[in-house]
>>> print(open('structure39.cif').read())   # mmCIF, C-alpha atoms
data_entry
loop_
_atom_site.label_atom_id
_atom_site.label_comp_id
_atom_site.auth_asym_id
_atom_site.auth_seq_id
_atom_site.Cartn_x
_atom_site.Cartn_y
_atom_site.Cartn_z
CA MET A 325 69.86 103.52 91.65
CA ILE A 326 70.36 100.22 93.33
CA SER A 327 73.41 99.73 95.50
CA ILE A 328 75.97 98.21 93.21
CA LYS A 329 78.32 97.18 95.99
CA PRO A 330 76.80 93.84 97.03
CA LEU A 331 76.53 92.80 93.38
CA GLN A 332 80.09 93.87 92.68
CA SER A 333 81.53 92.00 95.63
CA PHE A 334 79.54 88.93 94.63
CA ILE A 335 80.90 89.00 91.09
CA THR A 336 84.42 89.62 92.37
CA ALA A 337 84.12 86.67 94.71
CA LEU A 338 82.94 84.52 91.82
CA LEU A 339 85.87 85.53 89.65
CA ILE A 340 88.39 84.97 92.44
CA GLY A 341 86.90 81.59 93.19
CA PHE A 342 87.04 80.66 89.53
CA SER A 343 90.67 81.68 89.12
CA VAL A 344 91.75 79.82 92.25
CA ASN A 345 89.94 76.73 91.07
CA THR A 346 91.40 76.70 87.59
CA TYR A 347 94.89 77.27 89.00
CA ALA A 348 94.46 74.30 91.29
CA GLU A 349 93.01 72.33 88.41
CA ALA A 350 96.02 73.07 86.22
CA GLN A 351 98.40 71.94 88.98
CA ASN A 352 96.53 68.70 89.29
CA ASP A 353 96.31 68.04 85.61
CA THR A 354 100.06 68.15 85.08
CA THR A 355 100.36 65.25 87.51
CA ALA A 356 97.34 63.26 86.37
CA VAL A 357 97.62 63.02 82.62
CA ALA A 358 96.37 59.47 82.40
CA HIS A 359 92.73 60.41 82.36
CA GLU A 360 92.50 61.57 78.76
CA ALA A 361 91.02 58.29 77.72
CA SER A 362 87.79 58.98 79.52
CA HIS A 363 86.74 62.20 77.82
CA ASP A 364 83.29 62.61 76.46
CA GLY A 365 82.21 65.13 73.84
CA HIS A 366 83.91 68.21 75.35
CA GLU A 367 86.51 68.23 72.58
CA ALA A 368 84.40 70.42 70.35
CA HIS A 369 85.62 73.61 71.97
CA GLY A 370 89.41 73.43 72.00
CA GLY A 371 91.03 70.38 70.52
CA HIS A 372 94.57 71.69 70.28
CA GLY A 373 95.85 68.36 71.52
CA GLU A 374 94.43 65.28 69.88
CA ASP A 375 91.84 65.19 67.14
CA LYS A 376 88.93 63.16 68.43
CA GLU A 377 85.76 62.51 66.50
CA PHE A 378 83.16 65.22 67.06
CA ASN A 379 80.04 63.78 68.60
CA ALA A 380 77.18 66.25 68.37
CA SER A 381 74.74 64.38 70.60
CA ASP A 382 77.33 64.11 73.39
CA LEU A 383 77.95 67.82 73.18
CA ILE A 384 74.26 68.61 73.30
CA ASN A 385 73.59 66.24 76.17
CA SER A 386 76.41 67.69 78.20
CA HIS A 387 75.06 71.20 77.68
CA ILE A 388 71.47 70.38 78.48
CA GLY A 389 72.04 68.03 81.34
CA ASP A 390 73.26 68.57 84.84
CA SER A 391 76.85 68.04 85.92
CA HIS A 392 78.87 68.07 89.09
CA ASP A 393 81.40 70.57 87.84
CA PHE A 394 80.91 73.68 85.77
CA HIS A 395 82.83 73.02 82.57
CA ILE A 396 84.06 76.28 81.10
CA PHE A 397 86.24 75.41 78.12
CA ASP A 398 88.95 73.03 76.97
CA TRP A 399 92.56 74.16 77.06
CA ASP A 400 95.02 72.04 75.10
CA GLY A 401 92.70 69.06 75.25
CA HIS A 402 92.21 69.35 79.02
CA PRO A 403 88.90 70.58 80.32
CA VAL A 404 88.94 73.64 82.54
CA SER A 405 86.12 73.67 85.03
CA PHE A 406 84.84 75.40 88.08
CA ASN A 407 84.67 72.48 90.50
CA LEU A 408 81.55 72.38 92.57
CA PRO A 409 81.23 70.49 95.86
CA VAL A 410 79.82 66.99 95.94
CA ILE A 411 77.61 66.41 98.97
CA LEU A 412 76.47 62.84 99.53
CA TRP A 413 74.32 61.32 102.21
CA THR A 414 75.61 57.78 102.51
CA ASP A 415 74.70 55.00 104.93
CA ASN A 416 77.53 56.16 107.15
CA GLY A 417 76.65 59.83 107.19
CA LEU A 418 77.46 62.95 105.25
CA VAL A 419 80.39 62.96 102.83
CA VAL A 420 81.56 66.17 101.22
CA PHE A 421 84.35 66.56 98.71
CA SER A 422 85.20 68.60 95.67
CA SER A 423 84.12 67.22 92.32
CA GLU A 424 87.68 67.81 91.19
CA LYS A 425 88.57 64.45 92.72
CA PHE A 426 86.75 62.69 89.89
CA HIS A 427 89.25 64.15 87.42
CA HIS A 428 86.53 64.58 84.79
CA ASP A 429 85.88 60.90 84.66
CA ASN A 430 82.36 60.03 83.60
CA THR A 431 82.71 56.35 82.76
CA GLY A 432 82.94 54.83 86.21
CA HIS A 433 86.63 54.01 86.19
CA HIS A 434 88.15 56.54 88.54
CA VAL A 435 87.46 55.66 92.17
CA VAL A 436 87.26 58.47 94.68
CA GLU A 437 87.92 57.62 98.27
CA ALA A 438 86.36 59.89 100.87
CA ASP A 439 85.63 59.20 104.52
CA GLY A 440 86.52 55.56 104.08
CA GLN A 441 84.00 54.96 101.30
CA LYS A 442 84.61 54.67 97.59
CA PHE A 443 82.57 56.28 94.87
CA VAL A 444 82.58 56.29 91.11
CA ARG A 445 80.77 58.49 88.66
CA HIS A 446 79.08 57.20 85.55
CA ASN A 447 77.18 59.57 83.25
CA GLU A 448 77.07 62.25 85.95
CA VAL A 449 75.51 59.82 88.45
CA ILE A 450 77.49 58.87 91.57
CA TYR A 451 77.45 55.25 92.71
CA TYR A 452 79.11 53.29 95.48
CA ALA A 453 82.22 51.80 93.91
CA ASP A 454 81.75 48.25 95.15
CA LYS A 455 78.09 48.08 94.13
CA PHE A 456 78.84 49.64 90.77
CA GLU A 457 81.19 46.84 89.79
CA THR A 458 78.43 44.31 90.16
CA LEU A 459 76.04 46.16 87.88
CA SER A 460 75.46 45.04 84.33
CA ASP A 461 75.39 47.63 81.61
CA ASP A 462 71.61 48.05 81.58
CA ASP A 463 71.47 48.52 85.32
CA LYS A 464 73.76 51.48 85.22
CA SER A 465 71.00 54.03 85.33
CA ALA A 466 70.19 56.85 87.72
CA PHE A 467 67.15 54.93 88.92
CA ASN A 468 69.14 52.17 90.52
CA PHE A 469 68.74 53.55 94.01
CA ASP A 470 70.37 50.72 95.96
CA ALA A 471 73.71 51.35 94.36
CA ARG A 472 73.69 55.07 94.94
CA PRO A 473 74.11 57.36 97.91
CA LEU A 474 71.67 60.25 98.22
CA ASP A 475 73.11 63.03 96.12
CA PHE A 476 72.65 66.50 97.53
CA SER A 477 75.55 68.03 95.64
CA ILE A 478 75.71 71.58 94.50
CA THR A 479 75.60 70.74 90.82
CA LYS A 480 75.67 73.18 87.92
CA LEU A 481 71.92 73.66 88.02
CA VAL A 482 71.75 74.08 91.80
CA PHE A 483 74.49 76.67 91.58
CA SER A 484 72.58 78.53 88.90
CA LEU A 485 69.36 78.27 90.89
CA LEU A 486 70.97 79.76 93.99
CA MET A 487 72.58 82.49 91.94
CA SER A 488 69.37 83.50 90.21
CA ALA A 489 67.46 83.42 93.49
CA LEU A 490 70.09 85.71 94.97
CA VAL A 491 69.96 88.09 92.00
CA LEU A 492 66.17 88.20 92.17
CA PHE A 493 66.25 88.87 95.89
CA LEU A 494 68.82 91.66 95.58
CA LEU A 495 66.97 93.24 92.69
CA PHE A 496 63.59 93.36 94.32
CA SER A 497 64.72 94.27 97.78
CA ALA A 498 66.58 97.23 96.28
CA VAL A 499 63.40 98.24 94.44
CA ALA A 500 61.32 97.90 97.62
CA ARG A 501 63.78 100.06 99.54
CA SER A 502 63.68 102.73 96.89
CA TYR A 503 59.91 102.94 97.24
CA LYS A 504 60.30 103.72 100.92
CA LYS A 505 62.80 106.48 100.30
CA ASN A 506 61.28 108.08 97.23
CA ARG A 507 57.72 109.35 97.41
CA MET A 508 57.74 110.71 93.87
CA ALA A 509 57.49 108.77 90.63
CA PRO A 510 59.88 105.81 90.67
CA LYS A 511 63.02 106.11 88.62
CA GLY A 512 65.85 103.81 87.66
CA LEU A 513 65.42 100.13 88.44
CA ALA A 514 62.10 100.65 90.16
CA GLY A 515 60.88 102.50 87.08
CA PHE A 516 61.89 99.53 84.96
CA LEU A 517 60.28 96.85 87.09
CA GLU A 518 57.11 98.63 88.11
CA PRO A 519 55.33 98.33 84.74
CA LEU A 520 56.08 94.60 84.77
CA VAL A 521 54.66 94.16 88.25
CA VAL A 522 51.61 96.21 87.33
CA PHE A 523 51.27 94.09 84.18
CA VAL A 524 51.19 90.91 86.24
CA ARG A 525 48.59 92.44 88.51
CA ASP A 526 46.31 94.04 85.93
CA ASP A 527 46.55 91.58 83.07
CA ILE A 528 47.17 88.26 84.75
CA ALA A 529 45.93 88.31 88.33
CA ILE A 530 42.82 90.49 88.31
CA PRO A 531 41.12 89.14 85.15
CA ASN A 532 41.61 85.55 86.26
CA ILE A 533 41.28 85.58 90.01
CA GLY A 534 38.95 88.52 90.45
CA GLU A 535 39.11 91.83 92.21
CA LYS A 536 38.34 90.53 95.67
CA LYS A 537 40.86 87.76 96.10
CA TYR A 538 43.79 88.46 93.83
CA ALA A 539 45.96 90.14 96.46
CA LYS A 540 46.65 86.93 98.36
CA TYR A 541 48.14 85.28 95.32
CA MET A 542 50.12 88.19 93.93
CA PRO A 543 53.40 87.29 95.70
CA TYR A 544 53.29 83.78 94.29
CA LEU A 545 52.44 84.90 90.76
CA LEU A 546 55.10 87.59 90.76
CA THR A 547 57.67 85.13 92.06
CA ILE A 548 57.08 82.53 89.41
CA PHE A 549 56.88 85.11 86.65
CA PHE A 550 60.19 86.74 87.39
CA PHE A 551 61.94 83.58 88.53
CA ILE A 552 61.10 81.67 85.36
CA TRP A 553 61.93 84.65 83.18
CA ILE A 554 65.30 85.24 84.82
CA ASN A 555 66.22 81.57 84.66
CA ASN A 556 65.27 81.36 81.00
CA LEU A 557 67.44 84.38 80.23
CA ILE A 558 70.34 83.00 82.24
CA GLY A 559 70.18 79.84 80.18
CA LEU A 560 70.65 81.85 77.01
CA ILE A 561 73.88 83.57 78.06
CA PRO A 562 76.66 81.33 76.79
CA PHE A 563 79.56 81.99 79.16
CA PHE A 564 80.69 80.90 82.55
CA PRO A 565 78.49 81.67 85.47
CA PHE A 566 75.34 81.78 83.39
CA SER A 567 75.08 79.04 80.89
CA SER A 568 73.03 76.42 82.66
CA ASN A 569 69.76 75.06 81.43
CA LEU A 570 67.77 75.25 84.65
CA THR A 571 64.23 75.71 83.38
CA GLY A 572 64.88 72.98 80.85
CA ASN A 573 65.31 70.47 83.63
CA ILE A 574 62.15 68.51 84.21
CA CYS A 575 62.73 68.21 87.96
CA PHE A 576 62.73 71.99 88.31
CA THR A 577 59.57 72.49 86.30
CA PHE A 578 57.99 69.58 88.15
CA VAL A 579 58.53 71.39 91.44
CA LEU A 580 57.08 74.64 90.08
CA ALA A 581 54.02 72.85 88.72
CA PHE A 582 53.66 70.91 91.97
CA ILE A 583 53.66 74.14 93.97
CA THR A 584 50.99 75.54 91.67
CA TYR A 585 48.97 72.39 92.25
CA ILE A 586 49.34 72.76 96.02
CA VAL A 587 48.27 76.41 95.86
CA THR A 588 45.20 75.66 93.75
CA THR A 589 44.18 72.67 95.85
CA ALA A 590 44.66 74.50 99.13
CA SER A 591 42.58 77.41 98.01
CA GLY A 592 39.72 75.41 96.60
CA SER A 593 36.33 76.73 97.50
CA LYS A 594 33.31 74.58 98.20
CA ASP A 595 32.09 75.04 94.65
CA TYR A 596 35.36 73.71 93.33
CA TRP A 597 35.17 70.51 95.32
CA LYS A 598 31.52 70.16 94.51
CA HIS A 599 32.31 70.26 90.82
CA ILE A 600 34.88 67.54 91.24
CA PHE A 601 33.08 65.15 93.53
CA MET A 602 29.50 65.89 92.61
CA PRO A 603 29.59 67.03 89.01
CA PRO A 604 26.31 68.14 87.47
CA VAL A 605 25.62 64.89 85.65
CA PRO A 606 23.18 62.02 86.31
CA LYS A 607 24.32 60.08 89.34
CA LEU A 608 24.95 56.89 87.38
CA LEU A 609 27.86 58.56 85.64
CA TYR A 610 29.67 59.36 88.89
CA PRO A 611 32.05 56.34 88.74
CA ILE A 612 33.30 57.67 85.42
CA MET A 613 33.15 61.38 86.04
CA ILE A 614 34.83 61.52 89.41
CA PRO A 615 38.10 59.83 88.34
CA VAL A 616 38.04 61.91 85.17
CA GLU A 617 37.66 65.10 87.18
CA ILE A 618 40.42 64.10 89.58
CA ILE A 619 42.75 63.29 86.73
CA GLY A 620 41.73 66.60 85.20
CA THR A 621 43.12 68.44 88.20
CA LEU A 622 46.40 66.58 87.74
CA THR A 623 46.80 67.02 84.01
CA LYS A 624 46.73 70.78 84.19
CA PRO A 625 49.93 71.14 86.28
CA PHE A 626 51.42 68.27 84.28
CA ALA A 627 50.90 70.25 81.11
CA LEU A 628 52.50 73.28 82.75
CA MET A 629 55.54 71.20 83.61
CA ILE A 630 55.99 69.69 80.16
CA ARG A 631 55.32 72.91 78.31
CA LEU A 632 58.04 74.90 80.05
CA PHE A 633 60.56 72.06 80.02
CA ALA A 634 60.06 71.15 76.38
CA ASN A 635 60.05 74.72 75.07
CA ILE A 636 63.28 75.71 76.75
CA THR A 637 65.09 72.44 76.10
CA ALA A 638 64.02 72.42 72.46
CA GLY A 639 65.33 75.95 72.04
CA HIS A 640 68.70 75.03 73.51
CA ILE A 641 68.95 71.89 71.37
CA ILE A 642 68.23 73.88 68.21
CA ILE A 643 70.86 76.50 68.94
CA LEU A 644 73.46 73.89 69.86
CA SER A 645 72.69 71.83 66.76
CA LEU A 646 73.07 74.84 64.50
CA ILE A 647 76.45 75.60 66.03
CA SER A 648 77.47 71.96 65.77
CA LEU A 649 76.86 72.20 62.02
CA ILE A 650 80.14 74.04 61.75
CA TYR A 651 81.97 71.14 63.35
CA ILE A 652 80.12 68.50 61.40
CA PHE A 653 80.89 70.02 58.04
CA LYS A 654 84.40 70.88 59.16
CA THR A 655 84.58 74.02 57.06
CA VAL A 656 84.66 77.68 58.01
CA ALA A 657 82.51 78.60 55.01
CA ILE A 658 79.37 77.47 56.79
CA ALA A 659 80.06 79.72 59.78
CA PRO A 660 78.25 82.85 58.47
CA VAL A 661 75.16 80.84 57.54
CA SER A 662 75.17 78.99 60.83
CA GLY A 663 75.82 82.24 62.69
CA ALA A 664 72.88 83.95 61.02
CA PHE A 665 70.58 81.06 61.86
CA VAL A 666 71.82 81.00 65.46
CA LEU A 667 71.25 84.75 65.74
CA PHE A 668 67.70 84.39 64.48
CA MET A 669 66.99 81.45 66.78
CA SER A 670 68.48 83.30 69.75
CA VAL A 671 66.19 86.26 69.21
CA LEU A 672 63.29 83.84 68.98
CA GLU A 673 64.47 82.23 72.19
CA LEU A 674 64.42 85.61 73.92
CA LEU A 675 60.78 85.89 72.95
CA VAL A 676 60.12 82.34 74.09
CA ALA A 677 61.81 83.05 77.44
CA ALA A 678 59.42 85.88 78.23
CA LEU A 679 56.44 84.13 76.67
CA GLN A 680 56.86 80.90 78.60
CA ALA A 681 57.13 82.81 81.87
CA TYR A 682 53.96 84.70 80.93
CA VAL A 683 52.06 81.56 79.92
CA PHE A 684 53.08 79.68 83.07
CA THR A 685 51.97 82.57 85.27
CA LEU A 686 48.77 83.09 83.29
CA LEU A 687 47.75 79.46 83.52
CA SER A 688 48.60 79.32 87.22
CA ALA A 689 46.40 82.38 87.77
CA LEU A 690 43.69 80.74 85.69
CA PHE A 691 43.76 77.55 87.74
CA ILE A 692 43.78 79.51 90.98
CA GLY A 693 40.87 81.57 89.70
CA GLN A 694 38.93 78.42 88.84
CA ALA A 695 39.58 77.11 92.32
CA VAL A 696 38.54 80.19 94.25
CA GLU A 697 35.60 81.32 92.23
CA GLU A 698 32.20 81.15 93.76
CA HIS A 699 29.28 81.56 91.48
CA ASP A 700 25.63 81.74 92.32
CA HIS A 701 23.95 78.43 91.84
CA HIS A 702 20.86 78.08 89.74
CA ASP A 703 18.28 75.43 90.33
CA HIS A 704 19.68 72.70 88.16
CA HIS A 705 22.85 72.38 90.27
CA MET B 1076 65.31 56.18 65.85
CA VAL B 1077 64.03 57.23 62.43
CA LEU B 1078 60.47 56.64 63.57
CA ALA B 1079 61.01 59.04 66.47
CA GLY B 1080 61.95 61.70 63.95
CA ILE B 1081 58.89 60.91 61.86
CA GLY B 1082 56.70 61.16 64.96
CA ALA B 1083 58.11 64.55 65.87
CA GLY B 1084 57.62 65.73 62.29
CA LEU B 1085 53.98 64.70 62.27
CA ALA B 1086 53.38 66.54 65.53
CA VAL B 1087 54.95 69.65 64.08
CA ILE B 1088 52.63 69.44 61.06
CA GLY B 1089 49.63 69.56 63.40
CA ALA B 1090 51.05 72.47 65.35
CA GLY B 1091 51.92 74.35 62.18
CA ILE B 1092 48.42 74.00 60.78
CA GLY B 1093 46.81 74.98 64.09
CA ILE B 1094 48.94 78.04 64.70
CA GLY B 1095 48.56 79.04 61.06
CA LYS B 1096 44.79 78.99 61.42
CA ILE B 1097 45.00 81.10 64.56
CA GLY B 1098 47.24 83.61 62.85
CA GLY B 1099 44.93 83.76 59.86
CA SER B 1100 41.79 84.42 61.83
CA ALA B 1101 43.64 86.91 64.02
CA MET B 1102 44.63 88.81 60.87
CA ASP B 1103 41.04 88.81 59.64
CA ALA B 1104 39.74 90.02 62.98
CA MET B 1105 42.35 92.76 63.23
CA ALA B 1106 41.50 93.94 59.74
CA ARG B 1107 37.82 94.13 60.60
CA GLN B 1108 38.31 96.06 63.83
CA PRO B 1109 41.71 97.72 64.11
CA GLU B 1110 41.03 99.30 67.48
CA VAL B 1111 41.04 95.96 69.33
CA ALA B 1112 44.16 94.78 67.51
CA ASN B 1113 46.16 94.71 70.75
CA LYS B 1114 43.77 92.43 72.57
CA ILE B 1115 43.57 90.12 69.58
CA GLN B 1116 47.32 89.97 69.36
CA THR B 1117 47.63 89.04 73.03
CA ALA B 1118 45.03 86.32 72.70
CA MET B 1119 46.72 85.02 69.56
CA ILE B 1120 50.08 84.72 71.26
CA ILE B 1121 48.59 82.90 74.24
CA ALA B 1122 46.76 80.43 72.02
CA ALA B 1123 49.90 79.86 69.96
CA ALA B 1124 51.93 79.15 73.10
CA LEU B 1125 49.38 76.63 74.31
CA ILE B 1126 49.27 74.80 70.97
CA GLU B 1127 53.03 74.77 70.87
CA GLY B 1128 52.97 73.16 74.31
CA VAL B 1129 50.91 70.31 72.91
CA ALA B 1130 53.26 69.86 69.97
CA LEU B 1131 56.18 69.72 72.35
CA PHE B 1132 54.49 66.89 74.28
CA ALA B 1133 54.98 64.86 71.14
CA VAL B 1134 58.57 66.02 70.77
CA VAL B 1135 59.29 64.94 74.34
CA VAL B 1136 57.80 61.51 73.68
CA ALA B 1137 59.90 61.26 70.53
CA LEU B 1138 63.02 62.16 72.52
CA ILE B 1139 62.24 59.51 75.11
CA ALA B 1140 61.47 56.88 72.50
CA LYS B 1141 64.65 57.45 70.54
#
>>> encode(input="structure39.cif", output="structure tokens")
Amino acid sequence: MISIKPLQSFITALLIGFSVNTYAEAQNDTTAVAHEASHDGHEAHGGHGEDKEFNASDLINSHIGDSHDFHIFDWDGHPVSFNLPVILWTDNGLVVFSSEKFHHDNTGHHVVEADGQKFVRHNEVIYYADKFETLSDDDKSAFNFDARPLDFSITKLVFSLLMSALVLFLLFSAVARSYKKNRMAPKGLAGFLEPLVVFVRDDIAIPNIGEKKYAKYMPYLLTIFFFIWINNLIGLIPFFPFSSNLTGNICFTFVLAFITYIVTTASGSKDYWKHIFMPPVPKLLYPIMIPVEIIGTLTKPFALMIRLFANITAGHIIILSLISLIYIFKTVAIAPVSGAFVLFMSVLELLVAALQAYVFTLLSALFIGQAVEEHDHHDHH
Amino acid sequence: MVLAGIGAGLAVIGAGIGIGKIGGSAMDAMARQPEVANKIQTAMIIAAALIEGVALFAVVVALIAK
């Protein structure tokens, strides 16, 4: 079997870190009670303290979006979170502090002073405090780059990305080691993962890229298959270290699609470029066909990006909306119905998690195959 | 806001009809030739995922336009 020890020590470290953080958080909250006014939709979970209006869209947005701290639950009206570091590149250099200093303020009122500069946070976006005051309400968007430092923080999604990359690395390096030791049929974890790897090779890579050239692209295809699948599954687990919506973030899927685009473009054969820049049509149509072909190479990764993002985000929104039904109707009687629906949708989401990883990998292999294929030319080319 | 919902609903109608047609013809084909049922099922699921991708384009636009 795989060596459990690194995984165990990692999980223990996580739990210790979490308990230390919440203890520190509790100490701080007893002295900083004045920040209750700036809560946004987190009340749905606890609500022992005051009874605020339940806002379903706030709840959903806070679950789907990114945030600088990892909110775990609400205790007595106060949010309990795992506070992640905020790393900013400002005009005066690097500034690092814990997101706990914002005291869960998301409306731009609480000013954090660090390294002589002041920052505020509005809708999970960090601005310079002095520039923020001069902004009108429409300007307060994440795209207002003059008013913001460069934000390299470890946010909830970055934390989940690093964690899933680590899990993937540990898993597969353990499997690789077991192949060196064990010359017989693989058992245990290797026995579980080998059919999947062989599936990617025999059903995705070879039919699309061809027998001769598939081996170069296998590492990339395997990586995206397992990475997307693991991140989708992590998004479905509802409790602390796992509940982030990484594959439902369009920046993440943009990067994956962009890498696929780079791989297909870099491995284009002469035939591929010939089809784009000298398509087999009468020469007068070239001014139309060439831009169309170029845009065609861009729309394919674009579709990959949107497909993965929209599927996963839509699944999360559906599950969260069904759970919010209980809070909207304010009666326990709807809980069994809502629970049954959520169970059904969660099983469907498990299927969608695997399917979207498969479709992304399949289409990447298809595009790579289209780029590398060389076919014999007949006369009319 | 309401129009965004109507737009998403229309997109889902298109996706529903498309995937329904795929499922129907997949059933017919599997009934004709049961031994290739596995291949047909794989192809059906791939086609359904692609069509669903297109429908979700429209959902994304509806979300942005809300």
>>> atom_distance(input="structure39.cif", atom1="CA of Phe576 in chain A", atom2="CA of Pro473 in chain A")
20.9 Å
>>> closest_residue(input="structure39.cif", among="A:Phe626, A:Phe691, A:Phe668, A:Trp597", to="chain B", atoms="only C-alpha atoms")
A:Phe626
>>> resolve_selection(input="structure39.cif", expression="the PyMOL selection byres ((chain B and resi 1118) around 12)", output="VMD selection string")
(chain A and resid 527 683 686) or (chain B and resid 1097 to 1098 1100 to 1101 1104 to 1105 1111 to 1117 1119 to 1125)
>>> closest_atom_pairs(input="structure39.cif", of="chain A", to="chain B", cutoff="12 Å", atoms="only C-alpha atoms", output="JSON lines")
{"residue": "A:Asn385", "atom": "CA", "partner": "B:Leu1138", "partner_atom": "CA", "distance": 11.9}
{"residue": "A:Asp527", "atom": "CA", "partner": "B:Thr1117", "partner_atom": "CA", "distance": 10.4}
{"residue": "A:Ile528", "atom": "CA", "partner": "B:Thr1117", "partner_atom": "CA", "distance": 11.8}
{"residue": "A:Gly572", "atom": "CA", "partner": "B:Val1135", "partner_atom": "CA", "distance": 11.8}
{"residue": "A:Ile574", "atom": "CA", "partner": "B:Val1135", "partner_atom": "CA", "distance": 10.9}
{"residue": "A:Lys624", "atom": "CA", "partner": "B:Leu1125", "partner_atom": "CA", "distance": 11.8}
{"residue": "A:Phe626", "atom": "CA", "partner": "B:Phe1132", "partner_atom": "CA", "distance": 10.6}
{"residue": "A:Ala627", "atom": "CA", "partner": "B:Gly1128", "partner_atom": "CA", "distance": 7.7}
{"residue": "A:Leu628", "atom": "CA", "partner": "B:Gly1128", "partner_atom": "CA", "distance": 8.5}
{"residue": "A:Met629", "atom": "CA", "partner": "B:Gly1128", "partner_atom": "CA", "distance": 9.8}
{"residue": "A:Ile630", "atom": "CA", "partner": "B:Phe1132", "partner_atom": "CA", "distance": 6.7}
{"residue": "A:Arg631", "atom": "CA", "partner": "B:Gly1128", "partner_atom": "CA", "distance": 4.6}
{"residue": "A:Leu632", "atom": "CA", "partner": "B:Gly1128", "partner_atom": "CA", "distance": 7.9}
{"residue": "A:Phe633", "atom": "CA", "partner": "B:Leu1131", "partner_atom": "CA", "distance": 9.1}
{"residue": "A:Ala634", "atom": "CA", "partner": "B:Leu1131", "partner_atom": "CA", "distance": 5.8}
{"residue": "A:Asn635", "atom": "CA", "partner": "B:Leu1131", "partner_atom": "CA", "distance": 6.9}
{"residue": "A:Ile636", "atom": "CA", "partner": "B:Leu1131", "partner_atom": "CA", "distance": 10.3}
{"residue": "A:Thr637", "atom": "CA", "partner": "B:Val1135", "partner_atom": "CA", "distance": 9.6}
{"residue": "A:Ala638", "atom": "CA", "partner": "B:Leu1131", "partner_atom": "CA", "distance": 8.3}
{"residue": "A:Gly639", "atom": "CA", "partner": "B:Leu1131", "partner_atom": "CA", "distance": 11.1}
{"residue": "A:Ile641", "atom": "CA", "partner": "B:Leu1138", "partner_atom": "CA", "distance": 11.5}
{"residue": "A:Leu675", "atom": "CA", "partner": "B:Ile1120", "partner_atom": "CA", "distance": 10.9}
{"residue": "A:Val676", "atom": "CA", "partner": "B:Ala1124", "partner_atom": "CA", "distance": 8.8}
{"residue": "A:Ala677", "atom": "CA", "partner": "B:Ala1124", "partner_atom": "CA", "distance": 11.5}
{"residue": "A:Ala678", "atom": "CA", "partner": "B:Ala1124", "partner_atom": "CA", "distance": 11.3}
{"residue": "A:Leu679", "atom": "CA", "partner": "B:Ala1124", "partner_atom": "CA", "distance": 7.6}
{"residue": "A:Gln680", "atom": "CA", "partner": "B:Ala1124", "partner_atom": "CA", "distance": 7.6}
{"residue": "A:Ala681", "atom": "CA", "partner": "B:Ala1124", "partner_atom": "CA", "distance": 10.8}
{"residue": "A:Tyr682", "atom": "CA", "partner": "B:Ile1121", "partner_atom": "CA", "distance": 8.8}
{"residue": "A:Val683", "atom": "CA", "partner": "B:Ile1121", "partner_atom": "CA", "distance": 6.8}
{"residue": "A:Phe684", "atom": "CA", "partner": "B:Leu1125", "partner_atom": "CA", "distance": 10.0}
{"residue": "A:Thr685", "atom": "CA", "partner": "B:Ile1121", "partner_atom": "CA", "distance": 11.5}
{"residue": "A:Leu686", "atom": "CA", "partner": "B:Ile1121", "partner_atom": "CA", "distance": 9.1}
{"residue": "A:Leu687", "atom": "CA", "partner": "B:Leu1125", "partner_atom": "CA", "distance": 9.8}
>>> atom_distance(input="structure39.cif", atom1="CA of Phe653 in chain A", atom2="CA of Phe378 in chain A")
10.5 Å
>>> axis_aligned_box(input="structure39.cif", around="range 1101-1116 of chain B", padding_each_side="4 Å", output="AutoDock Vina command-line options")
--center_x 42.6 --center_y 93.1 --center_z 66.1 --size_x 17.5 --size_y 20.4 --size_z 20.9
>>> atom_distance(input="structure39.cif", atom1="CA of Ala1083 in chain B", atom2="CA of Asn556 in chain A")
23.7 Å
>>> resolve_selection(input="structure39.cif", expression="the PyMOL selection byres ((chain A and resi 487) around 12)", output="list in words")
Leu331, Phe334, Ile335, Leu338, Ile478, Lys480, Leu481, Val482, Phe483, Ser484, Leu485, Leu486, Ser488, Ala489, Leu490, Val491, Leu492, Phe493, Leu494, Phe551, Ile554, Asn555, Ile558, Pro565, Phe566, Ser567, Ser568 and Leu570 of chain A
>>> closest_residue(input="structure39.cif", among="A:His392, A:His427, A:Lys594, A:Lys504", to="Glu697 in chain A", atoms="all atoms listed in the file")
A:Lys594
>>> residues_around(input="structure39.cif", residues="Val521 in chain A", least_positions_apart="4", cutoff="8 Å", atoms="all atoms listed in the file", output="PyMOL selection string")
chain A and resi 517+525+546
>>> write_last_selection(input="structure39.cif", atoms="C-alpha atoms", output="JSON list (two decimals), in the frame of the given file")
[["chain", "number", "residue", "atom", "x", "y", "z"],
["A", 517, "LEU", "CA", 60.28, 96.85, 87.09],
["A", 525, "ARG", "CA", 48.59, 92.44, 88.51],
["A", 546, "LEU", "CA", 55.10, 87.59, 90.76]]
>>> resolve_selection(input="structure39.cif", expression="the PyMOL selection byres ((chain A and resi 424) around 8)", output="list in words")
Glu349, Asp393, Asn407, Leu408, Ser422, Ser423, Lys425, Phe426, His427 and His428 of chain A
>>> write_last_selection(input="structure39.cif", atoms="C-alpha atoms", output="CSV table (one decimal), in the frame of the given file")
chain,number,residue,atom,x,y,z
A,349,GLU,CA,93.0,72.3,88.4
A,393,ASP,CA,81.4,70.6,87.8
A,407,ASN,CA,84.7,72.5,90.5
A,408,LEU,CA,81.6,72.4,92.6
A,422,SER,CA,85.2,68.6,95.7
A,423,SER,CA,84.1,67.2,92.3
A,425,LYS,CA,88.6,64.4,92.7
A,426,PHE,CA,86.8,62.7,89.9
A,427,HIS,CA,89.2,64.2,87.4
A,428,HIS,CA,86.5,64.6,84.8
